Amino acid sequence: MAEQEYPGDAAVTPLVIVGTGLAGYTVAREWRKLVPDQALTIISVDDGSFYSKPMLSNALTARKSPQQLATFSAAQMAEQLQATILTQARVTALHPERAELTLLRDDGVECRLGYGQLVLALGADAVSLPLAGDGAGGVYAVNDLQDYRRLRAALEQARSVLVLGAGFVGCEFANDLRLAGYEVSVADPAPYALSRFVPESLGRQLVAALQDIGIGWYAGWAAREVLRQEGKLLVTLEHAAGARQQLPVDLVLSATGLRPRVALAQAAGLHVNRGIVTDAWLRTSDARVYALGDCAEVAGVVQPFVMPLMHCARALAKNLAGTPAPVAYPTMPIVLKTPSYPVIVVPPDPGLAGSWQVTEMEGGVKALSMDADGKLLGFALGGSALTEKAALLKALASA
């Protein structure tokens, strides 16, 4: 099949997928296993290369260049999937009432594409902090391979890096940058790392381990302003108590979370909340339109992690192929890729009320989320406590 062979205007394709991230390509692979002979069109806003997004935050330590992270080109993916892949094409409008998309092609020409079924795998945008100053526009964020290419190019001229945000992505990038030889600092308004997911003692042990390898830590500090000054970026940090200080660095990397891309669906009249709302079958409020991945709010929950995405993709492929299958999630650990202090978290299911029972040990923390009746709802393990993982996963499966 062709990578860049536009169909005739308003041509109808049985299945159209918008997005060539892990979500879009995975559902395409799974669907193709079930439906070997129907036409498939995939639309990519970039060059359509296949890569693993989780690899971006530890590529320096893995000695992977941006070029090496892209394991297949769009042309290779088109051949594998027997699909038409339209690259550098932007969907400007979705018309559910006539099952049609409006595209702006790479040559500037607008065209229409009809669909039998449509999958929105639009991903998410990095949250932009409200920073003041003439250097605020130079703050980097990494949400895809294109972003990462720009970051790597900038790092060639940098020595010191300030990471804004101490969540999963921020901690991973900080650890990776430090092991690659950069001077690294982290600033976060919370008093410890991973504050949304783990108890304080585990978060503080993670901070201490990262400090031990030379990472500076500004817990309780938020960035307010970025100024350009004598070849540096001068970042003003403000503490929760009101104190301020300035930190000169070569590069600022923001890792403060993701916001699902919902504008296209919202403009089309689809039901949107935090993400594009779907049921457990990944159906949106229009029966011919589905959504998954970082843009989707599946059965009331947005889960911007790989394992939920993979399970959604397998279920959605069956639904698209005519065998209805609601997504069912197994226990899905979130693994923090910080070799200086590894962490595994299994958050309780949304809506379940639990409290942490914490055990500190030599070089690690075991934290169990328990309900009022003593039932295990989830857990968080750090450092040496990771040896408890298998037993706790088994306990959760039987809980």
# chains A, B, ... in the order shown; residues from 1 in each chain; ligands from 1
>>> closest_atom_pairs(of="segment 79-119 of chain A", to="segment 284-306 of chain A", cutoff="12 Å", atoms="only C-alpha atoms", output="tab-separated table")
residue	atom	partner	partner_atom	distance
A:Leu94	CA	A:Val289	CA	10.1
A:His95	CA	A:Val289	CA	10.6
A:Pro96	CA	A:Asp286	CA	7.0
A:Glu97	CA	A:Asp286	CA	8.9
A:Arg98	CA	A:Arg288	CA	10.5
A:Ala99	CA	A:Arg288	CA	7.8
A:Glu100	CA	A:Val289	CA	10.8
A:Leu101	CA	A:Val289	CA	11.5
A:Gly114	CA	A:Arg288	CA	11.6
A:Tyr115	CA	A:Arg288	CA	8.6
A:Gly116	CA	A:Arg288	CA	7.0
A:Gln117	CA	A:Arg288	CA	5.0
A:Leu118	CA	A:Val289	CA	4.8
A:Val119	CA	A:Tyr290	CA	4.7
>>> write_last_selection(atoms="N, CA, C and O atoms", output="PDB file, in the first residue's frame")
ATOM      1  N   LEU A  94     -14.452  17.566  11.730  1.00  0.00           N
ATOM      2  CA  LEU A  94     -15.131  16.270  11.743  1.00  0.00           C
ATOM      3  C   LEU A  94     -16.622  16.533  11.638  1.00  0.00           C
ATOM      4  O   LEU A  94     -17.167  17.368  12.368  1.00  0.00           O
ATOM      5  N   HIS A  95     -17.268  15.816  10.688  1.00  0.00           N
ATOM      6  CA  HIS A  95     -18.707  16.010  10.438  1.00  0.00           C
ATOM      7  C   HIS A  95     -19.424  14.675  10.672  1.00  0.00           C
ATOM      8  O   HIS A  95     -19.661  13.898   9.729  1.00  0.00           O
ATOM      9  N   PRO A  96     -19.777  14.363  11.917  1.00  0.00           N
ATOM     10  CA  PRO A  96     -20.420  13.062  12.199  1.00  0.00           C
ATOM     11  C   PRO A  96     -21.731  12.862  11.454  1.00  0.00           C
ATOM     12  O   PRO A  96     -22.082  11.726  11.105  1.00  0.00           O
ATOM     13  N   GLU A  97     -22.460  13.953  11.184  1.00  0.00           N
ATOM     14  CA  GLU A  97     -23.771  13.810  10.552  1.00  0.00           C
ATOM     15  C   GLU A  97     -23.676  13.240   9.147  1.00  0.00           C
ATOM     16  O   GLU A  97     -24.624  12.604   8.653  1.00  0.00           O
ATOM     17  N   ARG A  98     -22.509  13.435   8.484  1.00  0.00           N
ATOM     18  CA  ARG A  98     -22.331  12.830   7.167  1.00  0.00           C
ATOM     19  C   ARG A  98     -21.100  11.922   7.103  1.00  0.00           C
ATOM     20  O   ARG A  98     -20.644  11.580   6.012  1.00  0.00           O
ATOM     21  N   ALA A  99     -20.597  11.548   8.281  1.00  0.00           N
ATOM     22  CA  ALA A  99     -19.456  10.628   8.394  1.00  0.00           C
ATOM     23  C   ALA A  99     -18.307  11.047   7.480  1.00  0.00           C
ATOM     24  O   ALA A  99     -17.873  10.305   6.591  1.00  0.00           O
ATOM     25  N   GLU A 100     -17.811  12.248   7.732  1.00  0.00           N
ATOM     26  CA  GLU A 100     -16.809  12.815   6.835  1.00  0.00           C
ATOM     27  C   GLU A 100     -15.805  13.667   7.623  1.00  0.00           C
ATOM     28  O   GLU A 100     -16.150  14.325   8.604  1.00  0.00           O
ATOM     29  N   LEU A 101     -14.548  13.645   7.160  1.00  0.00           N
ATOM     30  CA  LEU A 101     -13.491  14.488   7.694  1.00  0.00           C
ATOM     31  C   LEU A 101     -13.077  15.518   6.656  1.00  0.00           C
ATOM     32  O   LEU A 101     -13.102  15.236   5.457  1.00  0.00           O
ATOM     33  N   GLY A 114     -14.495  10.441   3.543  1.00  0.00           N
ATOM     34  CA  GLY A 114     -15.593   9.777   4.232  1.00  0.00           C
ATOM     35  C   GLY A 114     -15.109   8.521   4.939  1.00  0.00           C
ATOM     36  O   GLY A 114     -14.079   7.945   4.588  1.00  0.00           O
ATOM     37  N   TYR A 115     -15.863   8.100   5.939  1.00  0.00           N
ATOM     38  CA  TYR A 115     -15.484   6.907   6.697  1.00  0.00           C
ATOM     39  C   TYR A 115     -16.716   6.070   7.009  1.00  0.00           C
ATOM     40  O   TYR A 115     -17.832   6.583   7.139  1.00  0.00           O
ATOM     41  N   GLY A 116     -16.472   4.763   7.134  1.00  0.00           N
ATOM     42  CA  GLY A 116     -17.499   3.879   7.663  1.00  0.00           C
ATOM     43  C   GLY A 116     -17.450   3.895   9.181  1.00  0.00           C
ATOM     44  O   GLY A 116     -18.462   4.074   9.861  1.00  0.00           O
ATOM     45  N   GLN A 117     -16.234   3.709   9.701  1.00  0.00           N
ATOM     46  CA  GLN A 117     -15.969   3.820  11.128  1.00  0.00           C
ATOM     47  C   GLN A 117     -14.729   4.692  11.303  1.00  0.00           C
ATOM     48  O   GLN A 117     -13.817   4.659  10.479  1.00  0.00           O
ATOM     49  N   LEU A 118     -14.718   5.454  12.390  1.00  0.00           N
ATOM     50  CA  LEU A 118     -13.628   6.394  12.632  1.00  0.00           C
ATOM     51  C   LEU A 118     -13.071   6.184  14.029  1.00  0.00           C
ATOM     52  O   LEU A 118     -13.834   6.045  14.996  1.00  0.00           O
ATOM     53  N   VAL A 119     -11.754   6.165  14.138  1.00  0.00           N
ATOM     54  CA  VAL A 119     -11.076   6.077  15.434  1.00  0.00           C
ATOM     55  C   VAL A 119     -10.274   7.353  15.654  1.00  0.00           C
ATOM     56  O   VAL A 119      -9.438   7.721  14.821  1.00  0.00           O
TER      57      VAL A 119
END
>>> residues_around(residues="segment 184-187 of chain A", least_positions_apart="3", cutoff="6 Å", atoms="only C-alpha atoms", output="MDAnalysis selection string")
chainID A and resid 160:164 178 215:218 221
>>> residues_around(residues="Ala325 of chain A", least_positions_apart="2", cutoff="12 Å", atoms="only C-alpha atoms", output="list in words")
Asp279, Ala280, Trp281, Leu282, Arg283, His311, Cys312, Ala313, Arg314, Ala315, Leu316, Ala317, Lys318, Asn319, Leu320, Ala321, Gly322, Thr323, Val327 and Ala328 of chain A
>>> write_last_selection(atoms="N, CA and C atoms", output="PDB file, in the first residue's frame")
ATOM      1  N   ASP A 279     -17.778   4.955  26.083  1.00  0.00           N
ATOM      2  CA  ASP A 279     -18.214   3.893  26.992  1.00  0.00           C
ATOM      3  C   ASP A 279     -17.136   2.812  27.048  1.00  0.00           C
ATOM      4  N   ALA A 280     -17.439   1.688  27.676  1.00  0.00           N
ATOM      5  CA  ALA A 280     -16.447   0.619  27.812  1.00  0.00           C
ATOM      6  C   ALA A 280     -16.126  -0.047  26.485  1.00  0.00           C
ATOM      7  N   TRP A 281     -16.936   0.204  25.448  1.00  0.00           N
ATOM      8  CA  TRP A 281     -16.685  -0.337  24.113  1.00  0.00           C
ATOM      9  C   TRP A 281     -15.903   0.670  23.255  1.00  0.00           C
ATOM     10  N   LEU A 282     -15.456   1.735  23.867  1.00  0.00           N
ATOM     11  CA  LEU A 282     -14.679   2.809  23.230  1.00  0.00           C
ATOM     12  C   LEU A 282     -15.510   3.631  22.254  1.00  0.00           C
ATOM     13  N   ARG A 283     -16.850   3.534  22.335  1.00  0.00           N
ATOM     14  CA  ARG A 283     -17.731   4.334  21.478  1.00  0.00           C
ATOM     15  C   ARG A 283     -17.920   5.722  22.065  1.00  0.00           C
ATOM     16  N   HIS A 311      -4.764  -2.523  26.220  1.00  0.00           N
ATOM     17  CA  HIS A 311      -6.000  -3.282  26.426  1.00  0.00           C
ATOM     18  C   HIS A 311      -7.171  -2.642  25.680  1.00  0.00           C
ATOM     19  N   CYS A 312      -7.197  -1.309  25.645  1.00  0.00           N
ATOM     20  CA  CYS A 312      -8.245  -0.631  24.873  1.00  0.00           C
ATOM     21  C   CYS A 312      -8.124  -0.946  23.383  1.00  0.00           C
ATOM     22  N   ALA A 313      -6.897  -0.972  22.877  1.00  0.00           N
ATOM     23  CA  ALA A 313      -6.684  -1.232  21.455  1.00  0.00           C
ATOM     24  C   ALA A 313      -7.175  -2.620  21.063  1.00  0.00           C
ATOM     25  N   ARG A 314      -6.913  -3.607  21.898  1.00  0.00           N
ATOM     26  CA  ARG A 314      -7.354  -4.984  21.583  1.00  0.00           C
ATOM     27  C   ARG A 314      -8.876  -5.082  21.611  1.00  0.00           C
ATOM     28  N   ALA A 315      -9.486  -4.457  22.608  1.00  0.00           N
ATOM     29  CA  ALA A 315     -10.953  -4.486  22.680  1.00  0.00           C
ATOM     30  C   ALA A 315     -11.563  -3.726  21.511  1.00  0.00           C
ATOM     31  N   LEU A 316     -11.007  -2.570  21.192  1.00  0.00           N
ATOM     32  CA  LEU A 316     -11.564  -1.757  20.109  1.00  0.00           C
ATOM     33  C   LEU A 316     -11.455  -2.469  18.769  1.00  0.00           C
ATOM     34  N   ALA A 317     -10.350  -3.153  18.534  1.00  0.00           N
ATOM     35  CA  ALA A 317     -10.209  -3.891  17.273  1.00  0.00           C
ATOM     36  C   ALA A 317     -11.345  -4.898  17.105  1.00  0.00           C
ATOM     37  N   LYS A 318     -11.712  -5.577  18.162  1.00  0.00           N
ATOM     38  CA  LYS A 318     -12.824  -6.529  18.101  1.00  0.00           C
ATOM     39  C   LYS A 318     -14.137  -5.809  17.817  1.00  0.00           C
ATOM     40  N   ASN A 319     -14.349  -4.679  18.480  1.00  0.00           N
ATOM     41  CA  ASN A 319     -15.580  -3.922  18.251  1.00  0.00           C
ATOM     42  C   ASN A 319     -15.686  -3.455  16.805  1.00  0.00           C
ATOM     43  N   LEU A 320     -14.581  -2.959  16.263  1.00  0.00           N
ATOM     44  CA  LEU A 320     -14.569  -2.495  14.875  1.00  0.00           C
ATOM     45  C   LEU A 320     -14.792  -3.644  13.892  1.00  0.00           C
ATOM     46  N   ALA A 321     -14.336  -4.832  14.289  1.00  0.00           N
ATOM     47  CA  ALA A 321     -14.477  -6.002  13.415  1.00  0.00           C
ATOM     48  C   ALA A 321     -15.835  -6.675  13.545  1.00  0.00           C
ATOM     49  N   GLY A 322     -16.695  -6.149  14.423  1.00  0.00           N
ATOM     50  CA  GLY A 322     -18.054  -6.689  14.522  1.00  0.00           C
ATOM     51  C   GLY A 322     -18.270  -7.681  15.631  1.00  0.00           C
ATOM     52  N   THR A 323     -17.298  -7.821  16.547  1.00  0.00           N
ATOM     53  CA  THR A 323     -17.451  -8.709  17.694  1.00  0.00           C
ATOM     54  C   THR A 323     -17.373  -7.872  18.956  1.00  0.00           C
ATOM     55  N   VAL A 327     -13.844  -3.177  27.108  1.00  0.00           N
ATOM     56  CA  VAL A 327     -12.488  -3.279  27.634  1.00  0.00           C
ATOM     57  C   VAL A 327     -12.559  -3.711  29.097  1.00  0.00           C
ATOM     58  N   ALA A 328     -11.700  -4.645  29.455  1.00  0.00           N
ATOM     59  CA  ALA A 328     -11.590  -5.116  30.839  1.00  0.00           C
ATOM     60  C   ALA A 328     -10.116  -5.048  31.220  1.00  0.00           C
TER      61      ALA A 328
END
>>> select_by_dssp(residues="segment 210-289 of chain A", states="strand (DSSP E or B)", output="PyMOL selection string")
chain A and resi 216-219+221-229+232-239+244-249+251-254+258-260+272+276-278+283+289
>>> residues_around(residues="Gly220 of chain A", least_positions_apart="3", cutoff="9 Å", atoms="only C-alpha atoms", output="PyMOL selection string")
chain A and resi 187-192+238-241
>>> atom_distance(atom1="atom CA of Cys171 of chain A", atom2="atom CA of Ser57 of chain A")
9.0 Å
>>> closest_atom_pairs(of="segment 161-237 of chain A", to="segment 47-56 of chain A", cutoff="10 Å", atoms="only C-alpha atoms", output="tab-separated table")
residue	atom	partner	partner_atom	distance
A:Val169	CA	A:Pro54	CA	9.0
A:Glu172	CA	A:Leu56	CA	9.5
A:Phe173	CA	A:Leu56	CA	8.5
A:Asp176	CA	A:Leu56	CA	9.9
>>> closest_residue(among="A:Ala255, A:Leu202, A:Val335, A:Ala166", to="Gln357 of chain A", atoms="only C-alpha atoms")
A:Leu202
>>> select_by_dssp(residues="segment 36-204 of chain A", states="alpha helix (DSSP H)", output="PyMOL selection string")
chain A and resi 66-69+74-81+145-155+168-179+200-204
>>> write_last_selection(atoms="N, CA, C and O atoms", output="short mmCIF file (atom, residue, chain, number, x, y, z; two decimals), in the first residue's frame")
data_model
loop_
_atom_site.label_atom_id
_atom_site.label_comp_id
_atom_site.auth_asym_id
_atom_site.auth_seq_id
_atom_site.Cartn_x
_atom_site.Cartn_y
_atom_site.Cartn_z
N PRO A 66 17.38 10.26 18.36
CA PRO A 66 16.00 10.35 17.88
C PRO A 66 15.77 9.50 16.63
O PRO A 66 14.71 8.89 16.47
N GLN A 67 16.76 9.43 15.75
CA GLN A 67 16.64 8.62 14.54
C GLN A 67 16.51 7.14 14.88
O GLN A 67 15.76 6.39 14.25
N GLN A 68 17.24 6.70 15.90
CA GLN A 68 17.20 5.28 16.29
C GLN A 68 15.90 4.93 17.00
O GLN A 68 15.47 3.77 16.98
N LEU A 69 15.27 5.91 17.65
CA LEU A 69 14.01 5.66 18.33
C LEU A 69 12.88 5.38 17.35
O LEU A 69 11.93 4.66 17.67
N ALA A 74 6.84 5.70 7.97
CA ALA A 74 5.43 5.60 7.56
C ALA A 74 5.26 4.64 6.40
O ALA A 74 4.29 3.88 6.33
N ALA A 75 6.21 4.66 5.46
CA ALA A 75 6.13 3.74 4.31
C ALA A 75 6.21 2.29 4.77
O ALA A 75 5.48 1.42 4.26
N GLN A 76 7.07 2.01 5.74
CA GLN A 76 7.19 0.65 6.25
C GLN A 76 5.92 0.24 7.01
O GLN A 76 5.46 -0.90 6.89
N MET A 77 5.35 1.19 7.77
CA MET A 77 4.12 0.89 8.49
C MET A 77 2.97 0.66 7.50
O MET A 77 2.12 -0.22 7.71
N ALA A 78 2.93 1.43 6.43
CA ALA A 78 1.90 1.24 5.41
C ALA A 78 1.98 -0.16 4.81
O ALA A 78 0.95 -0.81 4.57
N GLU A 79 3.19 -0.63 4.58
CA GLU A 79 3.38 -1.97 4.02
C GLU A 79 2.96 -3.04 5.03
O GLU A 79 2.26 -4.00 4.68
N GLN A 80 3.38 -2.88 6.29
CA GLN A 80 3.03 -3.86 7.32
C GLN A 80 1.52 -3.97 7.52
O GLN A 80 0.98 -5.07 7.69
N LEU A 81 0.86 -2.83 7.52
CA LEU A 81 -0.56 -2.78 7.84
C LEU A 81 -1.46 -2.87 6.60
O LEU A 81 -2.68 -2.89 6.74
N LEU A 145 7.96 12.47 19.34
CA LEU A 145 9.31 12.35 18.81
C LEU A 145 9.81 13.66 18.22
O LEU A 145 11.01 13.98 18.32
N GLN A 146 8.92 14.44 17.62
CA GLN A 146 9.32 15.74 17.08
C GLN A 146 9.83 16.64 18.20
O GLN A 146 10.85 17.33 18.06
N ASP A 147 9.09 16.67 19.31
CA ASP A 147 9.52 17.46 20.47
C ASP A 147 10.88 16.98 20.95
O ASP A 147 11.75 17.79 21.32
N TYR A 148 11.06 15.66 20.98
CA TYR A 148 12.31 15.12 21.50
C TYR A 148 13.48 15.46 20.59
O TYR A 148 14.59 15.72 21.08
N ARG A 149 13.24 15.48 19.29
CA ARG A 149 14.31 15.89 18.38
C ARG A 149 14.78 17.31 18.69
O ARG A 149 15.98 17.60 18.71
N ARG A 150 13.81 18.19 18.95
CA ARG A 150 14.16 19.57 19.27
C ARG A 150 14.92 19.66 20.59
O ARG A 150 15.89 20.42 20.72
N LEU A 151 14.49 18.89 21.57
CA LEU A 151 15.18 18.88 22.86
C LEU A 151 16.62 18.40 22.71
O LEU A 151 17.55 19.01 23.25
N ARG A 152 16.82 17.30 21.99
CA ARG A 152 18.17 16.77 21.84
C ARG A 152 19.08 17.76 21.13
O ARG A 152 20.27 17.89 21.48
N ALA A 153 18.56 18.47 20.16
CA ALA A 153 19.36 19.48 19.47
C ALA A 153 19.76 20.59 20.43
O ALA A 153 20.90 21.06 20.43
N ALA A 154 18.83 21.01 21.29
CA ALA A 154 19.12 22.06 22.26
C ALA A 154 20.11 21.60 23.32
O ALA A 154 20.95 22.38 23.79
N LEU A 155 20.05 20.34 23.69
CA LEU A 155 20.95 19.81 24.72
C LEU A 155 22.40 19.81 24.27
O LEU A 155 23.31 19.81 25.10
N PHE A 168 5.91 11.31 37.08
CA PHE A 168 6.62 10.19 36.45
C PHE A 168 7.59 10.69 35.38
O PHE A 168 8.76 10.33 35.37
N VAL A 169 7.09 11.50 34.46
CA VAL A 169 7.92 11.94 33.34
C VAL A 169 9.06 12.84 33.82
O VAL A 169 10.21 12.70 33.39
N GLY A 170 8.77 13.76 34.72
CA GLY A 170 9.81 14.65 35.22
C GLY A 170 10.93 13.91 35.91
O GLY A 170 12.13 14.20 35.69
N CYS A 171 10.59 12.95 36.76
CA CYS A 171 11.61 12.17 37.47
C CYS A 171 12.44 11.33 36.50
O CYS A 171 13.66 11.21 36.65
N GLU A 172 11.77 10.74 35.51
CA GLU A 172 12.51 9.93 34.54
C GLU A 172 13.49 10.77 33.73
O GLU A 172 14.65 10.39 33.54
N PHE A 173 13.03 11.91 33.23
CA PHE A 173 13.93 12.78 32.47
C PHE A 173 15.08 13.28 33.35
O PHE A 173 16.23 13.35 32.90
N ALA A 174 14.79 13.65 34.59
CA ALA A 174 15.84 14.14 35.48
C ALA A 174 16.91 13.08 35.69
O ALA A 174 18.12 13.37 35.62
N ASN A 175 16.49 11.86 35.98
CA ASN A 175 17.44 10.76 36.18
C ASN A 175 18.26 10.50 34.92
O ASN A 175 19.49 10.36 34.95
N ASP A 176 17.59 10.50 33.77
CA ASP A 176 18.27 10.24 32.49
C ASP A 176 19.28 11.34 32.16
O ASP A 176 20.42 11.05 31.77
N LEU A 177 18.88 12.58 32.33
CA LEU A 177 19.78 13.69 32.04
C LEU A 177 20.99 13.69 32.97
O LEU A 177 22.12 13.94 32.54
N ARG A 178 20.77 13.40 34.24
CA ARG A 178 21.89 13.39 35.18
C ARG A 178 22.87 12.27 34.86
O ARG A 178 24.09 12.47 34.86
N LEU A 179 22.37 11.09 34.55
CA LEU A 179 23.25 9.97 34.22
C LEU A 179 24.00 10.23 32.91
O LEU A 179 25.07 9.65 32.69
N GLU A 200 4.10 9.97 51.31
CA GLU A 200 5.22 10.89 51.47
C GLU A 200 6.55 10.19 51.69
O GLU A 200 7.58 10.61 51.12
N SER A 201 6.58 9.16 52.50
CA SER A 201 7.87 8.51 52.81
C SER A 201 8.51 7.93 51.56
O SER A 201 9.73 8.02 51.37
N LEU A 202 7.72 7.36 50.65
CA LEU A 202 8.27 6.82 49.41
C LEU A 202 8.74 7.96 48.51
O LEU A 202 9.83 7.91 47.93
N GLY A 203 7.91 8.99 48.39
CA GLY A 203 8.29 10.13 47.56
C GLY A 203 9.57 10.79 48.04
O GLY A 203 10.42 11.21 47.24
N ARG A 204 9.74 10.88 49.36
CA ARG A 204 10.96 11.49 49.89
C ARG A 204 12.18 10.59 49.69
O ARG A 204 13.29 11.08 49.48
#
>>> decode(residues="segment 227-235 of chain A", atoms="all heavy atoms", output="mmCIF file, in the first residue's frame")
data_model
loop_
_atom_site.group_PDB
_atom_site.id
_atom_site.type_symbol
_atom_site.label_atom_id
_atom_site.label_comp_id
_atom_site.auth_asym_id
_atom_site.auth_seq_id
_atom_site.Cartn_x
_atom_site.Cartn_y
_atom_site.Cartn_z
ATOM 1 N N LEU A 227 13.581 34.519 32.338
ATOM 2 C CA LEU A 227 14.188 35.645 31.632
ATOM 3 C C LEU A 227 15.448 35.191 30.913
ATOM 4 O O LEU A 227 16.164 34.302 31.398
ATOM 5 C CB LEU A 227 14.549 36.766 32.621
ATOM 6 C CG LEU A 227 13.394 37.393 33.403
ATOM 7 C CD1 LEU A 227 13.937 38.339 34.463
ATOM 8 C CD2 LEU A 227 12.446 38.133 32.463
ATOM 9 N N ARG A 228 15.711 35.802 29.760
ATOM 10 C CA ARG A 228 16.974 35.565 29.054
ATOM 11 C C ARG A 228 18.007 36.565 29.579
ATOM 12 O O ARG A 228 17.754 37.775 29.596
ATOM 13 C CB ARG A 228 16.782 35.731 27.553
ATOM 14 C CG ARG A 228 15.800 34.728 26.955
ATOM 15 C CD ARG A 228 15.747 34.836 25.445
ATOM 16 N NE ARG A 228 14.728 33.966 24.889
ATOM 17 C CZ ARG A 228 14.893 32.676 24.621
ATOM 18 N NH1 ARG A 228 16.068 32.104 24.870
ATOM 19 N NH2 ARG A 228 13.916 31.960 24.106
ATOM 20 N N GLN A 229 19.153 36.041 29.997
ATOM 21 C CA GLN A 229 20.163 36.925 30.569
ATOM 22 C C GLN A 229 21.564 36.375 30.298
ATOM 23 O O GLN A 229 21.934 35.322 30.823
ATOM 24 C CB GLN A 229 19.945 37.073 32.082
ATOM 25 C CG GLN A 229 20.817 38.121 32.744
ATOM 26 C CD GLN A 229 20.465 38.307 34.204
ATOM 27 O OE1 GLN A 229 21.061 37.669 35.061
ATOM 28 N NE2 GLN A 229 19.488 39.157 34.489
ATOM 29 N N GLU A 230 22.301 37.072 29.454
ATOM 30 C CA GLU A 230 23.698 36.745 29.170
ATOM 31 C C GLU A 230 23.882 35.280 28.762
ATOM 32 O O GLU A 230 24.742 34.571 29.282
ATOM 33 C CB GLU A 230 24.573 37.079 30.378
ATOM 34 C CG GLU A 230 24.555 38.557 30.750
ATOM 35 C CD GLU A 230 25.377 38.850 31.981
ATOM 36 O OE1 GLU A 230 25.908 37.901 32.593
ATOM 37 O OE2 GLU A 230 25.491 40.036 32.337
ATOM 38 N N GLY A 231 23.040 34.823 27.834
ATOM 39 C CA GLY A 231 23.157 33.468 27.325
ATOM 40 C C GLY A 231 22.555 32.402 28.205
ATOM 41 O O GLY A 231 22.613 31.208 27.867
ATOM 42 N N LYS A 232 21.987 32.799 29.324
ATOM 43 C CA LYS A 232 21.353 31.854 30.246
ATOM 44 C C LYS A 232 19.851 32.121 30.326
ATOM 45 O O LYS A 232 19.349 33.146 29.847
ATOM 46 C CB LYS A 232 21.947 32.004 31.650
ATOM 47 C CG LYS A 232 23.384 31.530 31.794
ATOM 48 C CD LYS A 232 23.415 30.040 32.070
ATOM 49 C CE LYS A 232 24.804 29.587 32.462
ATOM 50 N NZ LYS A 232 24.850 28.135 32.766
ATOM 51 N N LEU A 233 19.143 31.200 30.957
ATOM 52 C CA LEU A 233 17.756 31.413 31.338
ATOM 53 C C LEU A 233 17.722 31.598 32.853
ATOM 54 O O LEU A 233 18.191 30.733 33.600
ATOM 55 C CB LEU A 233 16.887 30.226 30.931
ATOM 56 C CG LEU A 233 16.734 29.976 29.429
ATOM 57 C CD1 LEU A 233 15.943 28.699 29.180
ATOM 58 C CD2 LEU A 233 16.058 31.166 28.743
ATOM 59 N N LEU A 234 17.195 32.718 33.292
ATOM 60 C CA LEU A 234 17.107 33.015 34.718
ATOM 61 C C LEU A 234 15.675 32.722 35.164
ATOM 62 O O LEU A 234 14.743 33.437 34.805
ATOM 63 C CB LEU A 234 17.469 34.473 34.982
ATOM 64 C CG LEU A 234 17.702 34.867 36.443
ATOM 65 C CD1 LEU A 234 18.885 34.098 37.019
ATOM 66 C CD2 LEU A 234 17.928 36.365 36.545
ATOM 67 N N VAL A 235 15.517 31.634 35.942
ATOM 68 C CA VAL A 235 14.189 31.161 36.342
ATOM 69 C C VAL A 235 13.878 31.639 37.757
ATOM 70 O O VAL A 235 14.642 31.377 38.686
ATOM 71 C CB VAL A 235 14.104 29.628 36.277
ATOM 72 C CG1 VAL A 235 12.680 29.170 36.606
ATOM 73 C CG2 VAL A 235 14.525 29.119 34.900
#
